[in-house]
file input_31.cif (mmCIF, C-alpha atoms)
data_target
loop_
_atom_site.group_PDB
_atom_site.id
_atom_site.type_symbol
_atom_site.label_atom_id
_atom_site.label_comp_id
_atom_site.auth_asym_id
_atom_site.auth_seq_id
_atom_site.Cartn_x
_atom_site.Cartn_y
_atom_site.Cartn_z
ATOM 1 C CA MET A 50 27.272 13.871 6.950
ATOM 2 C CA ALA A 51 30.771 13.750 8.427
ATOM 3 C CA GLY A 52 33.623 16.240 8.451
ATOM 4 C CA ARG A 53 36.978 17.141 9.957
ATOM 5 C CA THR A 54 35.301 20.081 11.696
ATOM 6 C CA PRO A 55 31.689 20.846 12.689
ATOM 7 C CA SER A 56 31.624 23.476 9.970
ATOM 8 C CA GLU A 57 32.715 21.018 7.304
ATOM 9 C CA ALA A 58 30.112 18.426 8.344
ATOM 10 C CA TYR A 59 27.456 21.141 8.453
ATOM 11 C CA SER A 60 28.367 22.413 4.992
ATOM 12 C CA THR A 61 27.943 18.974 3.456
ATOM 13 C CA PHE A 62 24.590 18.546 5.184
ATOM 14 C CA ILE A 63 23.182 21.954 4.364
ATOM 15 C CA ASP A 64 24.418 21.886 0.777
ATOM 16 C CA SER A 65 22.554 18.638 0.150
ATOM 17 C CA MET A 66 19.340 20.105 1.571
ATOM 18 C CA ASN A 67 19.780 23.255 -0.444
ATOM 19 C CA GLN A 68 20.441 21.257 -3.594
ATOM 20 C CA ALA A 69 17.348 19.095 -3.131
ATOM 21 C CA LEU A 70 14.955 21.865 -2.163
ATOM 22 C CA PHE A 71 15.867 24.164 -4.910
ATOM 23 C CA CYS A 72 15.055 21.538 -7.473
ATOM 24 C CA VAL A 73 11.402 22.360 -6.758
ATOM 25 C CA THR A 74 11.331 25.812 -5.231
ATOM 26 C CA ALA A 75 12.051 29.018 -7.055
ATOM 27 C CA GLY A 76 11.722 31.395 -4.151
ATOM 28 C CA GLY A 77 12.837 31.563 -0.584
ATOM 29 C CA ARG A 78 15.990 30.344 1.035
ATOM 30 C CA LEU A 79 17.213 28.192 3.897
ATOM 31 C CA PHE A 80 17.634 29.813 7.273
ATOM 32 C CA THR A 81 19.523 28.208 10.153
ATOM 33 C CA SER A 82 19.706 28.926 13.840
ATOM 34 C CA GLY A 83 23.363 27.896 13.884
ATOM 35 C CA ASP A 84 26.309 30.062 12.948
ATOM 36 C CA ARG A 85 28.501 27.716 10.921
ATOM 37 C CA ARG A 86 31.655 29.271 12.421
ATOM 38 C CA ASN A 87 30.533 28.485 15.952
ATOM 39 C CA LEU A 88 28.618 25.191 16.040
ATOM 40 C CA GLN A 89 28.695 23.425 19.385
ATOM 41 C CA VAL A 90 28.709 19.661 19.830
ATOM 42 C CA GLY A 91 25.436 18.447 21.367
ATOM 43 C CA GLU A 92 23.429 21.614 20.711
ATOM 44 C CA GLU A 93 20.175 21.575 18.713
ATOM 45 C CA TYR A 94 20.024 23.663 15.562
ATOM 46 C CA GLY A 95 17.152 24.342 13.194
ATOM 47 C CA VAL A 96 17.025 24.613 9.420
ATOM 48 C CA LEU A 97 13.999 26.221 7.818
ATOM 49 C CA LEU A 98 12.886 26.941 4.292
ATOM 50 C CA ALA A 99 11.212 30.330 4.157
ATOM 51 C CA GLY A 100 10.712 33.406 2.060
ATOM 52 C CA GLY A 101 12.557 36.655 2.459
ATOM 53 C CA GLY A 102 16.128 37.202 3.512
ATOM 54 C CA ALA A 103 18.245 39.591 5.548
ATOM 55 C CA ALA A 104 17.031 42.613 3.657
ATOM 56 C CA ALA A 105 13.478 41.388 3.220
ATOM 57 C CA ASP A 106 10.366 41.787 5.282
ATOM 58 C CA ASP A 107 10.524 39.353 8.207
ATOM 59 C CA ARG A 108 6.779 38.721 7.926
ATOM 60 C CA GLU A 109 7.774 35.965 5.514
ATOM 61 C CA ASP A 110 9.741 34.164 8.241
ATOM 62 C CA GLY A 111 8.286 30.733 8.880
ATOM 63 C CA GLU A 112 5.884 30.920 5.964
ATOM 64 C CA PRO A 113 5.853 28.080 3.405
ATOM 65 C CA ILE A 114 7.058 28.484 -0.151
ATOM 66 C CA ARG A 115 4.817 28.371 -3.202
ATOM 67 C CA LEU A 116 5.633 25.403 -5.407
ATOM 68 C CA ASN A 117 5.632 25.660 -9.121
ATOM 69 C CA SER A 118 2.662 23.571 -10.258
ATOM 70 C CA ALA A 119 -0.664 23.829 -12.034
ATOM 71 C CA ALA A 120 -2.349 23.548 -8.664
ATOM 72 C CA ARG A 121 -1.613 26.153 -6.041
ATOM 73 C CA LEU A 122 0.592 24.144 -3.708
ATOM 74 C CA TRP A 123 2.937 25.285 -0.973
ATOM 75 C CA LEU A 124 5.752 23.528 0.867
ATOM 76 C CA GLY A 125 7.031 24.019 4.388
ATOM 77 C CA VAL A 126 10.334 22.424 5.401
ATOM 78 C CA ALA A 127 11.859 22.384 8.853
ATOM 79 C CA HIS A 128 14.684 20.204 10.124
ATOM 80 C CA THR A 129 16.433 19.928 13.480
ATOM 81 C CA PHE A 130 19.884 18.468 13.990
ATOM 82 C CA VAL A 131 22.675 18.148 16.500
ATOM 83 C CA VAL A 132 26.431 18.081 15.942
ATOM 84 C CA LYS A 133 28.079 14.933 17.197
ATOM 85 C CA ASN A 134 31.724 14.146 17.773
ATOM 86 C CA ASP A 135 31.803 10.370 17.676
ATOM 87 C CA GLY A 136 33.168 9.532 14.231
ATOM 88 C CA PRO A 137 36.512 8.139 13.115
ATOM 89 C CA GLU A 138 39.692 10.148 13.706
ATOM 90 C CA ARG A 139 39.849 11.542 10.170
ATOM 91 C CA THR A 140 36.264 12.874 10.175
ATOM 92 C CA PRO A 141 35.141 12.917 13.794
ATOM 93 C CA TYR A 142 32.234 15.377 13.455
ATOM 94 C CA ARG A 143 28.872 14.537 12.000
ATOM 95 C CA ILE A 144 25.429 16.074 11.645
ATOM 96 C CA SER A 145 22.761 13.915 13.228
ATOM 97 C CA SER A 146 19.116 14.674 12.393
ATOM 98 C CA ILE A 147 16.647 14.470 15.255
ATOM 99 C CA ALA A 148 13.424 15.837 13.725
ATOM 100 C CA TYR A 149 11.816 16.941 10.491
ATOM 101 C CA SER A 150 8.508 18.385 9.323
ATOM 102 C CA TYR A 151 7.707 18.497 5.629
ATOM 103 C CA PHE A 152 4.312 20.112 5.132
ATOM 104 C CA PHE A 153 2.261 20.386 1.957
ATOM 105 C CA TYR A 154 -0.438 23.023 1.633
ATOM 106 C CA ASP A 155 -3.149 23.586 -0.928
ATOM 107 C CA GLU A 156 -4.487 27.038 -1.733
ATOM 108 C CA VAL A 157 -8.017 27.841 -2.819
ATOM 109 C CA ASP A 158 -9.675 31.258 -2.907
ATOM 110 C CA HIS A 159 -6.456 32.783 -1.550
ATOM 111 C CA ARG A 160 -6.685 30.578 1.535
ATOM 112 C CA ARG A 161 -3.888 28.153 2.339
ATOM 113 C CA GLN A 162 -4.858 24.908 4.044
ATOM 114 C CA GLU A 163 -2.629 22.238 5.559
ATOM 115 C CA VAL A 164 -3.091 18.908 3.762
ATOM 116 C CA ILE A 165 -0.372 16.379 4.457
ATOM 117 C CA ALA A 166 2.740 16.350 6.602
ATOM 118 C CA PHE A 167 5.685 13.966 6.772
ATOM 119 C CA GLN A 168 7.117 14.254 10.223
ATOM 120 C CA TRP A 169 9.568 12.693 12.612
ATOM 121 C CA ASN A 170 10.695 13.674 16.084
ATOM 122 C CA LYS A 171 13.226 11.238 17.453
ATOM 123 C CA ASN A 172 12.745 12.508 21.002
ATOM 124 C CA ALA A 173 8.964 12.866 20.876
ATOM 125 C CA HIS A 174 6.837 12.852 23.987
ATOM 126 C CA PRO A 175 5.400 10.318 24.456
ATOM 127 C CA PRO A 176 8.212 8.169 23.010
ATOM 128 C CA GLU A 177 5.649 5.865 21.362
ATOM 129 C CA ARG A 178 5.161 8.635 18.745
ATOM 130 C CA SER A 179 8.857 8.922 17.892
ATOM 131 C CA TYR A 180 8.620 7.097 14.548
ATOM 132 C CA PRO A 181 8.531 8.793 11.105
ATOM 133 C CA HIS A 182 4.893 9.267 10.161
ATOM 134 C CA LEU A 183 2.412 10.866 7.802
ATOM 135 C CA HIS A 184 -0.474 13.134 8.809
ATOM 136 C CA VAL A 185 -3.471 13.580 6.487
ATOM 137 C CA ASN A 186 -5.473 16.646 7.436
ATOM 138 C CA SER A 187 -9.233 16.438 7.825
ATOM 139 C CA VAL A 188 -9.635 18.897 4.923
ATOM 140 C CA ILE A 189 -9.498 15.772 2.737
ATOM 141 C CA THR A 190 -12.793 14.505 4.118
ATOM 142 C CA ASN A 191 -14.599 17.435 5.716
ATOM 143 C CA GLY A 192 -15.906 18.995 2.529
ATOM 144 C CA SER A 193 -13.321 21.780 2.316
ATOM 145 C CA PRO A 194 -13.156 23.230 -1.195
ATOM 146 C CA PHE A 195 -10.143 22.513 -3.410
ATOM 147 C CA GLY A 196 -9.079 24.154 -6.623
ATOM 148 C CA PRO A 197 -10.046 22.368 -9.873
ATOM 149 C CA ARG A 198 -6.442 21.244 -10.534
ATOM 150 C CA SER A 199 -5.464 20.345 -7.003
ATOM 151 C CA PRO A 200 -4.006 16.803 -6.682
ATOM 152 C CA PHE A 201 -5.491 16.710 -3.171
ATOM 153 C CA ARG A 202 -9.124 16.843 -4.352
ATOM 154 C CA PRO A 203 -10.982 14.023 -2.568
ATOM 155 C CA ASP A 204 -11.806 12.411 -5.935
ATOM 156 C CA LYS A 205 -8.073 12.392 -6.826
ATOM 157 C CA PHE A 206 -6.391 11.792 -3.504
ATOM 158 C CA HIS A 207 -6.646 8.002 -3.653
ATOM 159 C CA ASP A 208 -4.464 7.981 -6.775
ATOM 160 C CA LEU A 209 -1.479 9.482 -5.013
ATOM 161 C CA HIS A 210 1.384 7.128 -4.179
ATOM 162 C CA ILE A 211 2.488 8.763 -0.992
ATOM 163 C CA PRO A 212 6.019 7.691 -0.005
ATOM 164 C CA THR A 213 6.728 6.491 3.494
ATOM 165 C CA GLY A 214 9.579 4.823 5.254
ATOM 166 C CA ARG A 215 9.555 1.061 4.896
ATOM 167 C CA LEU A 216 7.281 -0.465 7.488
ATOM 168 C CA SER A 217 7.249 -3.897 9.022
ATOM 169 C CA LEU A 218 3.959 -5.730 9.322
ATOM 170 C CA GLU A 219 4.442 -5.465 13.050
ATOM 171 C CA ALA A 220 4.491 -1.655 12.781
ATOM 172 C CA VAL A 221 1.206 -1.710 10.889
ATOM 173 C CA ILE A 222 -0.383 -3.956 13.528
ATOM 174 C CA MET A 223 0.911 -1.668 16.264
ATOM 175 C CA PHE A 224 -0.712 1.232 14.430
ATOM 176 C CA ALA A 225 -3.990 -0.716 14.334
ATOM 177 C CA ILE A 226 -3.875 -1.345 18.063
ATOM 178 C CA GLU A 227 -2.541 1.960 19.324
ATOM 179 C CA GLU A 228 -4.148 4.397 16.896
ATOM 180 C CA LEU A 229 -7.230 2.622 15.546
ATOM 181 C CA LYS A 230 -8.000 0.979 18.860
ATOM 182 C CA VAL A 231 -8.192 -2.554 17.403
ATOM 183 C CA GLU A 232 -8.526 -5.076 20.180
ATOM 184 C CA THR A 233 -6.006 -7.823 20.838
ATOM 185 C CA ALA A 234 -6.945 -11.490 20.357
ATOM 186 C CA ASP A 235 -7.094 -14.297 22.881
ATOM 187 C CA ASN A 236 -7.498 -11.946 25.836
ATOM 188 C CA ARG A 237 -3.826 -11.087 25.729
ATOM 189 C CA THR A 238 -2.980 -7.729 27.277
ATOM 190 C CA ILE A 239 -2.106 -4.859 24.982
ATOM 191 C CA ALA A 240 1.261 -4.527 26.713
ATOM 192 C CA THR A 241 2.135 -8.173 26.001
ATOM 193 C CA VAL A 242 1.138 -7.940 22.363
ATOM 194 C CA LEU A 243 2.897 -4.607 21.830
ATOM 195 C CA SER A 244 6.064 -5.964 23.402
ATOM 196 C CA LEU A 245 5.956 -8.918 21.013
ATOM 197 C CA LEU A 246 5.334 -6.678 18.049
ATOM 198 C CA ARG A 247 8.119 -4.259 18.990
ATOM 199 C CA GLU A 248 10.551 -7.156 19.198
ATOM 200 C CA GLY A 249 9.475 -8.312 15.728
ATOM 201 C CA ASP A 250 9.845 -4.788 14.394
ATOM 202 C CA ARG A 251 13.346 -4.504 15.864
ATOM 203 C CA ARG A 252 14.290 -7.806 14.222
ATOM 204 C CA PHE A 253 12.907 -6.564 10.909
ATOM 205 C CA HIS A 254 15.092 -3.478 10.973
ATOM 206 C CA ALA A 255 18.156 -5.332 12.178
ATOM 207 C CA GLU A 256 17.947 -7.995 9.520
ATOM 208 C CA ARG A 257 16.569 -6.205 6.476
ATOM 209 C CA THR A 258 18.992 -5.698 3.602
ATOM 210 C CA GLN A 259 16.875 -3.311 1.502
ATOM 211 C CA THR A 260 15.371 0.024 2.373
ATOM 212 C CA GLY A 261 12.587 -0.358 -0.142
ATOM 213 C CA TRP A 262 14.080 2.396 -2.271
ATOM 214 C CA ALA A 263 17.024 0.540 -3.750
ATOM 215 C CA HIS A 264 15.145 -0.496 -6.882
ATOM 216 C CA LEU A 265 14.569 3.093 -7.950
ATOM 217 C CA PRO A 266 16.741 4.343 -10.822
ATOM 218 C CA MET B 49 21.821 24.294 -29.318
ATOM 219 C CA SER B 50 21.434 26.158 -26.096
ATOM 220 C CA THR B 51 22.381 24.858 -22.688
ATOM 221 C CA THR B 52 20.624 25.887 -19.513
ATOM 222 C CA LEU B 53 23.096 26.220 -16.707
ATOM 223 C CA PRO B 54 21.887 25.356 -13.220
ATOM 224 C CA ARG B 55 21.151 28.500 -11.315
ATOM 225 C CA ALA B 56 23.251 29.325 -8.273
ATOM 226 C CA LEU B 57 21.807 28.075 -5.034
ATOM 227 C CA PRO B 58 20.689 30.805 -2.657
ATOM 228 C CA ASP B 59 22.928 31.508 0.300
ATOM 229 C CA VAL B 60 21.935 29.913 3.574
ATOM 230 C CA GLU B 61 21.213 32.614 6.091
ATOM 231 C CA HIS B 62 21.827 32.599 9.829
ATOM 232 C CA MET B 63 18.764 33.816 11.718
ATOM 233 C CA SER B 64 19.372 35.707 14.958
ATOM 234 C CA LYS B 65 17.639 34.591 18.167
ATOM 235 C CA ASP B 66 15.668 37.841 18.317
ATOM 236 C CA ARG B 67 14.322 37.355 14.830
ATOM 237 C CA GLY B 68 13.712 33.653 15.545
ATOM 238 C CA ALA B 69 11.722 34.485 18.679
ATOM 239 C CA LYS B 70 9.585 36.945 16.708
ATOM 240 C CA MET B 71 9.017 34.315 14.037
ATOM 241 C CA LEU B 72 7.980 31.729 16.631
ATOM 242 C CA ASP B 73 5.578 34.194 18.249
ATOM 243 C CA ARG B 74 4.035 35.271 14.951
ATOM 244 C CA GLN B 75 3.533 31.697 13.788
ATOM 245 C CA THR B 76 2.119 30.351 17.068
ATOM 246 C CA GLN B 77 -0.275 33.322 17.259
ATOM 247 C CA LYS B 78 -1.384 32.767 13.699
ATOM 248 C CA ARG B 79 -1.780 28.993 13.799
ATOM 249 C CA LEU B 80 -2.729 28.225 17.401
ATOM 250 C CA GLY B 81 -3.743 31.604 18.786
ATOM 251 C CA MET B 82 -1.150 31.673 21.562
ATOM 252 C CA PRO B 83 2.104 33.580 22.155
ATOM 253 C CA GLY B 84 5.432 31.903 21.401
ATOM 254 C CA PRO B 85 6.631 31.683 25.035
ATOM 255 C CA GLU B 86 3.342 30.070 26.076
ATOM 256 C CA PHE B 87 3.614 27.589 23.231
ATOM 257 C CA ALA B 88 7.196 26.723 24.259
ATOM 258 C CA ARG B 89 6.176 26.123 27.847
ATOM 259 C CA ARG B 90 3.097 24.080 27.014
ATOM 260 C CA TYR B 91 4.958 22.048 24.389
ATOM 261 C CA ARG B 92 7.644 21.038 26.867
ATOM 262 C CA VAL B 93 5.149 19.857 29.472
ATOM 263 C CA GLY B 94 2.860 18.145 26.963
ATOM 264 C CA GLU B 95 -0.145 20.462 27.289
ATOM 265 C CA LEU B 96 -0.964 20.743 23.588
ATOM 266 C CA ALA B 97 -2.725 17.432 23.037
ATOM 267 C CA ASP B 98 -5.985 19.177 22.069
ATOM 268 C CA PHE B 99 -4.424 20.876 19.042
ATOM 269 C CA ASN B 100 -3.661 19.502 15.575
ATOM 270 C CA GLN B 101 -0.518 17.462 16.286
ATOM 271 C CA ALA B 102 1.010 17.999 12.842
ATOM 272 C CA THR B 103 0.759 21.739 13.402
ATOM 273 C CA VAL B 104 2.194 21.457 16.906
ATOM 274 C CA LEU B 105 5.326 19.628 15.751
ATOM 275 C CA ASP B 106 5.691 21.978 12.797
ATOM 276 C CA LEU B 107 5.727 24.904 15.229
ATOM 277 C CA ALA B 108 8.026 23.098 17.673
ATOM 278 C CA MET B 109 10.601 22.968 14.871
ATOM 279 C CA LEU B 110 10.880 26.758 15.278
ATOM 280 C CA LEU B 111 11.987 26.517 18.926
ATOM 281 C CA PRO B 112 15.734 26.226 18.163
ATOM 282 C CA PHE B 113 15.463 29.508 16.258
ATOM 283 C CA ALA B 114 14.316 31.173 19.462
ATOM 284 C CA GLY B 115 17.226 29.642 21.384
ATOM 285 C CA GLU B 116 15.082 26.892 22.906
ATOM 286 C CA SER B 117 15.496 23.147 22.792
ATOM 287 C CA MET B 118 12.758 21.159 21.038
ATOM 288 C CA ASN B 119 12.889 18.414 23.573
ATOM 289 C CA GLY B 120 14.165 20.142 26.680
ATOM 290 C CA ARG B 121 17.145 17.852 26.901
ATOM 291 C CA LYS B 122 20.292 16.931 25.051
ATOM 292 C CA ASP B 123 20.008 14.364 22.295
ATOM 293 C CA PRO B 124 21.511 11.177 23.699
#

call {"tool": "encode", "arguments": {"input": "input_31.cif", "output": "C-alpha cells"}}
result
Amino acid sequence: MAGRTPSEAYSTFIDSMNQALFCVTAGGRLFTSGDRRNLQVGEEYGVLLAGGGAAADDREDGEPIRLNSAARLWLGVAHTFVVKNDGPERTPYRISSIAYSYFFYDEVDHRRQEVIAFQWNKNAHPPERSYPHLHVNSVITNGSPFGPRSPFRPDKFHDLHIPTGRLSLEAVIMFAIEELKVETADNRTIATVLSLLREGDRRFHAERTQTGWAHLP
Amino acid sequence: MSTTLPRALPDVEHMSKDRGAKMLDRQTQKRLGMPGPEFARRYRVGELADFNQATVLDLAMLLPFAGESMNGRKDP
C-alpha cells in the first residue's frame, strides 16, 4: 500500500479494509488511532472495527459486530500498522502491517463466546510466536452450548475448511515439537532440530512460487 | 429490471486517545478483570501467560488507541 504521501498510502490501505469488511458487516465502522492528516513515519497505529460512531454511545467501542447469518455470529477485527518511508522516489511511503486479530464469536442464550481467532503479531514476545496462527477456543470441546444453526457446533466443526497461510512441512513439525511436545528422534537436541527445521522453512518461503491461493477464481 | 447500487462505505473515524484509553480499560476489565493501565504494563513485561492468549493479543491491539505501543519498541 504505497503512496506519494503517508495520507495517500493510508487511504489506499484503509479503503481496501473498509471495502472488504463491509461486504459482510451491515453495522459498525472502522476506527483508527491515526489522524490521516498527521501520520508519522515509524509510529504504530491501530484500526478497529466497532459499533457506534462519534455521536453514538461509546460503550460499543471495542465490541465485535454482529454478522448477518442464520447462526448468531459476531466478528471482531483489529489491525496494527506502521508508516514506512522506504519505497521508490515516486511513491516513497507505504503502510506496513505488524499485527492483526480477526476474532469470530458465537452467541447462544444472549451470551457471546469466543470461538476462533486468526492472529499475527510480527513483534511478538517471545519471537517464536511471531508467525500467523489460528486459535480454537476450548468452547469447541468443553461442552459449551451452541445454537442449533451454529457452524461451530462440535458435530459440525470438522466440516469447516478453515483458511490459513501456506505452511511448510517444517513449520508443522516445529508446531509438533514446540506446541505438542513431540520428542525429537535420535537423541538430537531440540535446538539442533529446530535450527534445521527453521532453515528448511526459510528455504521454502524463499523458493516458493505460489502462495496457495493463486488457483482461486 | 432493477439494479442494486452498492451502498456507500461508512466513514472511517479517528478515535481520540482519551476515548481509546477508556475503551482499553472497559475491554480489559470485561475480558480479563483488570484495568487498562495494568494490562498495558503486564503485557509489555510478559506477565499475562496465564490468560487466554488469543484474548490477550486481541486486547493488545487496543494499545495504540490509548497512545501506547503494542511492542514497546519501534518496528524495525

call {"tool": "resolve_selection", "arguments": {"input": "input_31.cif", "expression": "the PyMOL selection byres ((chain B and resi 93) around 12)", "output": "PyMOL selection string"}}
result
(chain A and resi 173-175) or (chain B and resi 86-92+94-97+118-120)

call {"tool": "resolve_selection", "arguments": {"input": "input_31.cif", "expression": "the PyMOL selection byres ((chain B) within 10 of (chain A))", "output": "ChimeraX atom specification"}}
result
/B:54-65,67-68,70-72,74-75,91-94,100-103,105-124

call {"tool": "axis_aligned_box", "arguments": {"input": "input_31.cif", "around": "range 70-89 of chain A", "padding_each_side": "5 Å", "output": "AutoDock Vina command-line options"}}
result
--center_x 21.5 --center_y 26.6 --center_z 6.0 --size_x 30.3 --size_y 20.0 --size_z 36.9

call {"tool": "atom_distance", "arguments": {"input": "input_31.cif", "atom1": "CA of Ser56 in chain A", "atom2": "CA of Asn87 in chain A"}}
result
7.9 Å

call {"tool": "atom_distance", "arguments": {"input": "input_31.cif", "atom1": "CA of Gln77 in chain B", "atom2": "CA of Ser118 in chain A"}}
result
29.3 Å

call {"tool": "resolve_selection", "arguments": {"input": "input_31.cif", "expression": "the PyMOL selection byres ((chain A and resi 212) around 10)", "output": "list in words"}}
result
Phe167, Leu183, Leu209, His210, Ile211, Thr213, Gly214, Arg215 and Trp262 of chain A

call {"tool": "atom_distance", "arguments": {"input": "input_31.cif", "atom1": "CA of Lys230 in chain A", "atom2": "CA of Glu177 in chain A"}}
result
14.7 Å

call {"tool": "residues_around", "arguments": {"input": "input_31.cif", "residues": "Trp123 in chain A", "least_positions_apart": "4", "cutoff": "10 Å", "atoms": "all atoms listed in the file", "output": "PyMOL selection string"}}
result
chain A and resi 74+112-118+152-156+161-164

call {"tool": "write_last_selection", "arguments": {"input": "input_31.cif", "atoms": "C-alpha atoms", "output": "compact mmCIF listing (two decimals), in the coordinates of the input"}}
result
# COMPACT_ATOMS: atom_id res chain seq x y z
CA THR A 74 11.33 25.81 -5.23
CA GLU A 112 5.88 30.92 5.96
CA PRO A 113 5.85 28.08 3.40
CA ILE A 114 7.06 28.48 -0.15
CA ARG A 115 4.82 28.37 -3.20
CA LEU A 116 5.63 25.40 -5.41
CA ASN A 117 5.63 25.66 -9.12
CA SER A 118 2.66 23.57 -10.26
CA PHE A 152 4.31 20.11 5.13
CA PHE A 153 2.26 20.39 1.96
CA TYR A 154 -0.44 23.02 1.63
CA ASP A 155 -3.15 23.59 -0.93
CA GLU A 156 -4.49 27.04 -1.73
CA ARG A 161 -3.89 28.15 2.34
CA GLN A 162 -4.86 24.91 4.04
CA GLU A 163 -2.63 22.24 5.56
CA VAL A 164 -3.09 18.91 3.76

call {"tool": "residues_around", "arguments": {"input": "input_31.cif", "residues": "Asp250 in chain A", "least_positions_apart": "4", "cutoff": "7 Å", "atoms": "only C-alpha atoms", "output": "ChimeraX atom specification"}}
result
/A:217,219-220,246,254

call {"tool": "residues_around", "arguments": {"input": "input_31.cif", "residues": "Leu216 in chain A", "least_positions_apart": "5", "cutoff": "12 Å", "atoms": "all atoms listed in the file", "output": "list of chain:residue names"}}
result
A:Tyr180, A:Pro181, A:His182, A:Val221, A:Ile222, A:Met223, A:Phe224, A:Gly249, A:Asp250, A:Arg251, A:Phe253, A:His254, A:Arg257, A:Gln259, A:Thr260, A:Gly261
